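S.K.: The structure is given below, and queries will be raised subsequently.
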Amino acid sequence: MTIPLDATQAPEQLERGDSLWRGAFRRMRRSPTAIIGAVIVLLFVLVAIFAPLLAPYEPASTQWQSLSTPYMVQFSSPEHLLGIDRWGSDMLTQLIYGARQSLVIGLVSTAFGLVAGAALGLLAGAFGGWVDSIVMRIVDILLSIPSLLLAISIAAVLDKSAFALMIAIGAAQVPIFARLLRGSMMSQSRQDYVLAATALGLRRRTIVMGHVLPNSIGPTIVQATLNLATAVIEVAALSYLGLGTAEVAVAEWGRMIVSAQDRFDIAPWLAFYPGICIAITALGFTLFGEALREALDPKQRR
Amino acid sequence: MLRFAIRRVALLVPTLFGLTLLLFAWVRALPGDPARALLGERATPAAIARVTEVYGFDEPLFSQYFTYMGSLLRGDFGESIKKNEPVLTAFLDKLPATIELTFAALLFAILVGIPLGYVAGRRTGSAADAGAVTISLIGVVTPVFFLALLLKYVFAIQLGIFPTVGRQSARSDATHTTGFYVLDGIINGQPGAAWDAIVHLVLPAIALGTIPLAIIVRMTRAAVSEVIHEDYVRTAEAKGLKASLVNRRHVMRNALLPVVTTIGLQLGLLLAGAVLTETVFALDGVGNYLYQAIRDRDYPVLQGFILFIAIIYALVTLLVDLSYGLIDPRVRES
């Protein structure tokens, strides 16, 4: 990988071939923030993947037999540790399967936002001139609508499905990634190594794809990690506003909060558990993203 | 400065123009016949024919857009399908509640956030710093509507300190002249009504203000911890200035510059968050109206409200940019 040598780096480090990403990884292993974030994220991913093994009951099954009166709720019992909601579903099972939904929608939407946004940013950053002007005007227009509102307006014209949520949340992230990547490519293009590469007679495409882009992608990756947190929250927010998936059999944290709302005064825990799950998951991605940002920061390189 | 201002205002024109194009395309992206999408599933053929006629849906797209732009420029932003009122009237009617809420949320975020960020930045690594960072993290990761529900449960339902819903008590006989309930209470000489409105604002403002609070804490902390290592601060301290004077004149004045910009840019977040907060607390504002429009699939309302919010957001961003250019000459140059 061709990474510019930082003049402030100690020579012995350079001989070891200490790349930007390898150095960042080394720093992150020492950062408690990164470790806590990584552990939360890992747990979340494992729970999502192994949901069928971890969940005590079938996702769509009802547990009426555990209740004295149907449509009553249960706080906790040996069979149902986190209780039962008013539709007779075991809370723990719902929460575990809810992780799946959050992970899939969060990951796919952020990946979509990242790829589409980065492509636009690359287009603007690599070509400059009128291409840049046109792309950035489009980005400006999209940025003039607050992100959640943009997601709302896209979700409002689509059908109520997980796919629609992915498109809506992902599309709302496109302008953010585009502007970020374009910005860092612009500042990298002014670096001396680009001048040196041009002087050496390298082709423009080689310079942009081989040198400028790899050096500019860092902040975009950091943003993607942070956006995973936002995406998990936005899925729940859209659900809360009635724009979530119409498949009621599929557990989703945001909708669990909505359905807990009308029994909120007597059974607040039904809303509390999914809310905490969203917050902890978002915390994991945020901590990890912040640690990554710090680790990639050139000022932190020793 | 004038050239900077003109250029910055000129940039607004293509953005707003593009926005109208986007919103125009958006309604046409609705599944099926746009007239049916606007009127809903159970519209009579006569109503559909009338709307098709009025909006010109049977004409070429090109002329449809001109019709749309023409009506926008005349101040006609369409009519709500469900509530039979002009979108603009509805927006202006609901706006005071939202401005009041947004203002209260920002006030909370600033009054708590700046001191917290200052203490954290002054003593990085201390327990106070850890506390401030934790608060700001919690603010970022907690969904606004969940926080609103929690606050409502603890302080309104359980402790009964604050009201659960609405902008004023049900039996209030307050007179409203401006639509800003707190202001109305003051100018009409009804201190009880003003207090009632303030009490109703507390929980929604805290719920909505937490994300800006988190961001303000972080910005202030970063700025203060950087500024206190500047040479001019050391000079001021070395020449024996009182600590409070150094703080006020040298640390805060320089540290607040980036913070002020951030505050201005929080508005988009607040307007979007208002949709959730107003829904939880049943506040009769722009956000709650928008929520009902989403539920009713009231597309003219969505189209108009998004346009209005984007315009407000763009204008505030413009003001922030201009004021920043006024304060910092380097911004004007670039």
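Chain labels follow the order of the structure tokens: the first chain is A, the next B, and so on; residue numbering restarts at 1 in every chain, and ligands are counted from 1 in their shown order.
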What's around B:Phe62 at 12 Å? Count only C-alpha atoms, leave out sequence neighbours fewer than 5 positions away in its own chain, and write the answer as a ChimeraX atom specification.

M.R.: /B:21,24-25,56-57,67-69

S.K.: Where in stretch 69-198 of chain A does DSSP assign alpha helix (DSSP H), given as a VMD selection string?

M.R.: chain A and resid 91 to 127 129 to 143 147 to 157 162 to 189 192 to 198

S.K.: Taking only C-alpha atoms into account, which residues of chain B are within 8 Å of chain A, as a ChimeraX atom specification?

M.R.: /B:14-16,18-19,26,29-31,137-138,141-143,145-146,150,153,157,268-269,271-272,276,291,294-295,297,302,306,309-311,313-314

S.K.: For those residues, write N, CA and C atoms to a file as a CSV table (one decimal), in the first residue's frame.

M.R.:
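And here is the file that came out, again.csv:
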```
chain,number,residue,atom,x,y,z
B,14,PRO,N,-29.6,28.5,-6.2
B,14,PRO,CA,-29.7,27.1,-6.8
B,14,PRO,C,-30.2,26.1,-5.9
B,15,THR,N,-29.8,26.2,-4.6
B,15,THR,CA,-30.2,25.2,-3.6
B,15,THR,C,-31.7,25.2,-3.5
B,16,LEU,N,-32.3,26.4,-3.3
B,16,LEU,CA,-33.8,26.4,-3.1
B,16,LEU,C,-34.5,26.0,-4.4
B,18,GLY,N,-33.3,23.9,-6.6
B,18,GLY,CA,-33.2,22.4,-6.7
B,18,GLY,C,-34.1,21.7,-5.8
B,19,LEU,N,-34.3,22.3,-4.6
B,19,LEU,CA,-35.2,21.8,-3.6
B,19,LEU,C,-36.6,21.7,-4.2
B,26,TRP,N,-40.7,14.4,-6.1
B,26,TRP,CA,-41.0,13.5,-5.0
B,26,TRP,C,-42.5,13.1,-5.0
B,29,ALA,N,-43.1,10.7,-7.6
B,29,ALA,CA,-42.5,9.4,-7.3
B,29,ALA,C,-43.5,8.5,-6.6
B,30,LEU,N,-44.6,9.1,-6.1
B,30,LEU,CA,-45.5,8.3,-5.3
B,30,LEU,C,-46.1,7.2,-6.2
B,31,PRO,N,-46.3,6.0,-5.6
B,31,PRO,CA,-46.9,4.9,-6.4
B,31,PRO,C,-48.3,5.3,-7.0
B,137,LEU,N,-22.2,11.6,26.0
B,137,LEU,CA,-22.3,10.3,25.3
B,137,LEU,C,-23.8,9.8,25.4
B,138,ILE,N,-24.3,9.9,26.6
B,138,ILE,CA,-25.7,9.4,26.8
B,138,ILE,C,-26.6,10.2,25.9
B,141,VAL,N,-26.4,8.9,22.3
B,141,VAL,CA,-26.9,7.6,21.9
B,141,VAL,C,-28.4,7.3,22.3
B,142,THR,N,-29.0,8.1,23.1
B,142,THR,CA,-30.4,7.8,23.5
B,142,THR,C,-31.3,8.4,22.5
B,143,PRO,N,-32.2,7.6,21.9
B,143,PRO,CA,-33.2,8.1,21.0
B,143,PRO,C,-34.0,9.2,21.6
B,145,PHE,N,-37.1,10.2,21.2
B,145,PHE,CA,-38.5,9.8,21.7
B,145,PHE,C,-38.4,8.9,22.9
B,146,PHE,N,-37.4,8.1,23.0
B,146,PHE,CA,-37.3,7.2,24.2
B,146,PHE,C,-37.0,8.1,25.4
B,150,LEU,N,-39.2,8.4,28.8
B,150,LEU,CA,-38.6,8.2,30.1
B,150,LEU,C,-38.9,9.4,31.0
B,153,TYR,N,-42.5,9.5,32.0
B,153,TYR,CA,-42.8,8.5,33.0
B,153,TYR,C,-42.4,8.9,34.4
B,157,ILE,N,-45.6,11.1,35.1
B,157,ILE,CA,-46.6,10.1,35.6
B,157,ILE,C,-46.3,9.7,37.1
B,268,GLY,N,-31.2,22.2,12.4
B,268,GLY,CA,-31.8,21.1,11.6
B,268,GLY,C,-32.1,19.9,12.5
B,269,LEU,N,-31.2,19.6,13.4
B,269,LEU,CA,-31.4,18.5,14.3
B,269,LEU,C,-32.6,18.8,15.2
B,271,LEU,N,-35.2,20.8,14.6
B,271,LEU,CA,-36.5,20.7,13.8
B,271,LEU,C,-36.9,19.3,13.5
B,272,ALA,N,-36.0,18.4,13.2
B,272,ALA,CA,-36.3,17.0,13.0
B,272,ALA,C,-36.7,16.4,14.3
B,276,LEU,N,-40.5,14.2,16.8
B,276,LEU,CA,-40.6,13.1,17.8
B,276,LEU,C,-41.1,13.7,19.1
B,291,TYR,N,-46.3,14.8,11.8
B,291,TYR,CA,-46.5,13.4,12.2
B,291,TYR,C,-47.9,12.9,11.8
B,294,ILE,N,-47.9,12.4,8.1
B,294,ILE,CA,-47.2,11.1,7.7
B,294,ILE,C,-48.2,10.0,7.9
B,295,ARG,N,-49.0,10.0,9.0
B,295,ARG,CA,-49.9,8.9,9.3
B,295,ARG,C,-51.1,8.9,8.3
B,297,ARG,N,-50.9,10.1,5.3
B,297,ARG,CA,-50.3,10.2,3.9
B,297,ARG,C,-50.8,11.5,3.3
B,302,LEU,N,-46.9,17.3,3.7
B,302,LEU,CA,-45.5,16.9,3.8
B,302,LEU,C,-44.6,17.7,2.8
B,306,ILE,N,-41.9,20.3,4.4
B,306,ILE,CA,-40.5,20.0,4.2
B,306,ILE,C,-39.8,21.2,3.5
B,309,ILE,N,-39.4,23.9,6.2
B,309,ILE,CA,-38.3,23.6,7.2
B,309,ILE,C,-37.0,23.8,6.5
B,310,ALA,N,-36.9,23.3,5.2
B,310,ALA,CA,-35.6,23.5,4.5
B,310,ALA,C,-35.2,24.9,4.3
B,311,ILE,N,-36.3,25.8,4.0
B,311,ILE,CA,-36.0,27.2,3.9
B,311,ILE,C,-35.5,27.8,5.2
B,313,TYR,N,-34.1,26.3,7.7
B,313,TYR,CA,-32.8,25.7,7.9
B,313,TYR,C,-31.7,26.4,7.1
B,314,ALA,N,-32.0,26.6,5.8
B,314,ALA,CA,-31.1,27.3,4.9
B,314,ALA,C,-30.8,28.7,5.3
```

S.K.: I'd like the neighbourhood of A:Leu122 as a PDB file with all heavy atoms, in the first residue's frame, where a residue qualifies if any of its atoms comes within 9 Å (using only C-alpha atoms), though same-chain residues fewer than 5 positions away should be ignored.

M.R.:
```pdb
ATOM      1  N   GLY A 117     -22.599   7.581  -1.452  1.00  0.00           N
ATOM      2  CA  GLY A 117     -22.023   8.874  -1.088  1.00  0.00           C
ATOM      3  C   GLY A 117     -20.564   8.971  -1.497  1.00  0.00           C
ATOM      4  O   GLY A 117     -20.128   9.985  -2.051  1.00  0.00           O
ATOM      5  N   PHE A 127     -12.621  14.595 -10.403  1.00  0.00           N
ATOM      6  CA  PHE A 127     -12.710  15.372 -11.638  1.00  0.00           C
ATOM      7  C   PHE A 127     -12.632  16.876 -11.400  1.00  0.00           C
ATOM      8  O   PHE A 127     -12.101  17.601 -12.218  1.00  0.00           O
ATOM      9  CB  PHE A 127     -13.989  15.020 -12.398  1.00  0.00           C
ATOM     10  CG  PHE A 127     -13.940  13.663 -13.020  1.00  0.00           C
ATOM     11  CD1 PHE A 127     -14.500  12.575 -12.386  1.00  0.00           C
ATOM     12  CD2 PHE A 127     -13.273  13.470 -14.215  1.00  0.00           C
ATOM     13  CE1 PHE A 127     -14.429  11.310 -12.945  1.00  0.00           C
ATOM     14  CE2 PHE A 127     -13.192  12.210 -14.788  1.00  0.00           C
ATOM     15  CZ  PHE A 127     -13.779  11.119 -14.142  1.00  0.00           C
ATOM     16  N   ALA A 178     -20.693  12.022   0.785  1.00  0.00           N
ATOM     17  CA  ALA A 178     -20.183  12.668  -0.427  1.00  0.00           C
ATOM     18  C   ALA A 178     -19.354  13.902  -0.059  1.00  0.00           C
ATOM     19  O   ALA A 178     -18.240  14.094  -0.535  1.00  0.00           O
ATOM     20  CB  ALA A 178     -21.336  13.054  -1.343  1.00  0.00           C
ATOM     21  N   LEU A 181     -15.932  12.874   1.842  1.00  0.00           N
ATOM     22  CA  LEU A 181     -14.866  12.304   1.019  1.00  0.00           C
ATOM     23  C   LEU A 181     -14.315  13.357   0.062  1.00  0.00           C
ATOM     24  O   LEU A 181     -13.102  13.475  -0.109  1.00  0.00           O
ATOM     25  CB  LEU A 181     -15.375  11.088   0.234  1.00  0.00           C
ATOM     26  CG  LEU A 181     -14.274  10.404  -0.587  1.00  0.00           C
ATOM     27  CD1 LEU A 181     -13.203   9.838   0.333  1.00  0.00           C
ATOM     28  CD2 LEU A 181     -14.827   9.310  -1.461  1.00  0.00           C
ATOM     29  N   ARG A 182     -15.199  14.126  -0.531  1.00  0.00           N
ATOM     30  CA  ARG A 182     -14.759  15.163  -1.463  1.00  0.00           C
ATOM     31  C   ARG A 182     -13.848  16.161  -0.741  1.00  0.00           C
ATOM     32  O   ARG A 182     -12.804  16.539  -1.238  1.00  0.00           O
ATOM     33  CB  ARG A 182     -15.982  15.862  -2.057  1.00  0.00           C
ATOM     34  CG  ARG A 182     -15.679  16.905  -3.084  1.00  0.00           C
ATOM     35  CD  ARG A 182     -16.102  18.232  -2.559  1.00  0.00           C
ATOM     36  NE  ARG A 182     -15.846  19.307  -3.485  1.00  0.00           N
ATOM     37  CZ  ARG A 182     -15.682  20.552  -3.070  1.00  0.00           C
ATOM     38  NH1 ARG A 182     -15.754  20.830  -1.784  1.00  0.00           N
ATOM     39  NH2 ARG A 182     -15.454  21.509  -3.924  1.00  0.00           N
ATOM     40  N   MET A 185     -10.483  14.632  -0.028  1.00  0.00           N
ATOM     41  CA  MET A 185      -9.709  14.455  -1.272  1.00  0.00           C
ATOM     42  C   MET A 185      -9.141  15.788  -1.735  1.00  0.00           C
ATOM     43  O   MET A 185      -8.015  15.858  -2.222  1.00  0.00           O
ATOM     44  CB  MET A 185     -10.587  13.849  -2.360  1.00  0.00           C
ATOM     45  CG  MET A 185     -10.776  12.351  -2.197  1.00  0.00           C
ATOM     46  SD  MET A 185     -11.730  11.633  -3.538  1.00  0.00           S
ATOM     47  CE  MET A 185     -10.497  11.600  -4.838  1.00  0.00           C
ATOM     48  N   LEU A 213      -7.048   8.840  -2.956  1.00  0.00           N
ATOM     49  CA  LEU A 213      -8.193   8.151  -2.363  1.00  0.00           C
ATOM     50  C   LEU A 213      -7.825   7.365  -1.096  1.00  0.00           C
ATOM     51  O   LEU A 213      -8.466   7.532  -0.056  1.00  0.00           O
ATOM     52  CB  LEU A 213      -8.863   7.257  -3.406  1.00  0.00           C
ATOM     53  CG  LEU A 213     -10.122   6.535  -2.911  1.00  0.00           C
ATOM     54  CD1 LEU A 213     -11.207   7.539  -2.547  1.00  0.00           C
ATOM     55  CD2 LEU A 213     -10.652   5.566  -3.964  1.00  0.00           C
TER      56      LEU A 213
END
```

S.K.: Record the distance separating atom CA of B:Thr20 and atom CA of B:Leu307, expressed in Å with one decimal.

M.R.: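 Computed distance, atom CA of B:Thr20 to atom CA of B:Leu307, equals 7.5 Å.
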
S.K.: Pick out the residues sitting within 6 Å of stretch 221-235 of chain B, and hand them over as a list in words; count only C-alpha atoms, and ignore anything fewer than 5 positions along from it in its own chain.

M.R.: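 Here the qualifying residues turn out to be Gly117, Tyr118, Ala120, Gly121, Arg122 and Ala255 of chain B.
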
S.K.: Since we have the selection now, will you write its residues out, keeping all heavy atoms, as a CSV table (one decimal), in the first residue's frame?

M.R.:
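As a result, selection_7.csv now contains:
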```
chain,number,residue,atom,x,y,z
B,117,GLY,N,-19.1,21.9,29.7
B,117,GLY,CA,-17.9,21.8,28.7
B,117,GLY,C,-16.7,22.6,29.2
B,117,GLY,O,-15.6,22.1,29.1
B,118,TYR,N,-17.0,23.7,29.8
B,118,TYR,CA,-15.9,24.6,30.3
B,118,TYR,C,-15.1,23.8,31.5
B,118,TYR,O,-13.9,23.7,31.4
B,118,TYR,CB,-16.4,25.9,30.9
B,118,TYR,CG,-15.4,26.7,31.6
B,118,TYR,CD1,-14.4,27.3,30.8
B,118,TYR,CD2,-15.3,26.8,33.0
B,118,TYR,CE1,-13.4,28.0,31.5
B,118,TYR,CE2,-14.3,27.4,33.6
B,118,TYR,CZ,-13.4,28.1,32.9
B,118,TYR,OH,-12.4,28.8,33.5
B,120,ALA,N,-15.1,20.7,32.1
B,120,ALA,CA,-14.4,19.5,31.5
B,120,ALA,C,-13.2,19.9,30.8
B,120,ALA,O,-12.1,19.2,30.9
B,120,ALA,CB,-15.4,18.8,30.6
B,121,GLY,N,-13.2,21.0,30.0
B,121,GLY,CA,-12.1,21.4,29.2
B,121,GLY,C,-10.9,21.9,30.1
B,121,GLY,O,-9.8,21.8,29.8
B,122,ARG,N,-11.3,22.6,31.2
B,122,ARG,CA,-10.3,23.2,32.1
B,122,ARG,C,-9.5,22.1,32.8
B,122,ARG,O,-8.3,22.2,33.0
B,122,ARG,CB,-11.1,24.0,33.1
B,122,ARG,CG,-10.4,25.2,33.7
B,122,ARG,CD,-10.1,26.3,32.7
B,122,ARG,NE,-8.7,26.7,32.8
B,122,ARG,CZ,-8.3,28.0,32.9
B,122,ARG,NH1,-9.2,28.9,33.1
B,122,ARG,NH2,-7.0,28.3,32.9
B,255,ALA,N,-12.8,30.6,23.0
B,255,ALA,CA,-13.3,29.3,22.9
B,255,ALA,C,-14.7,29.2,22.4
B,255,ALA,O,-15.1,28.3,21.7
B,255,ALA,CB,-13.2,28.6,24.3
```
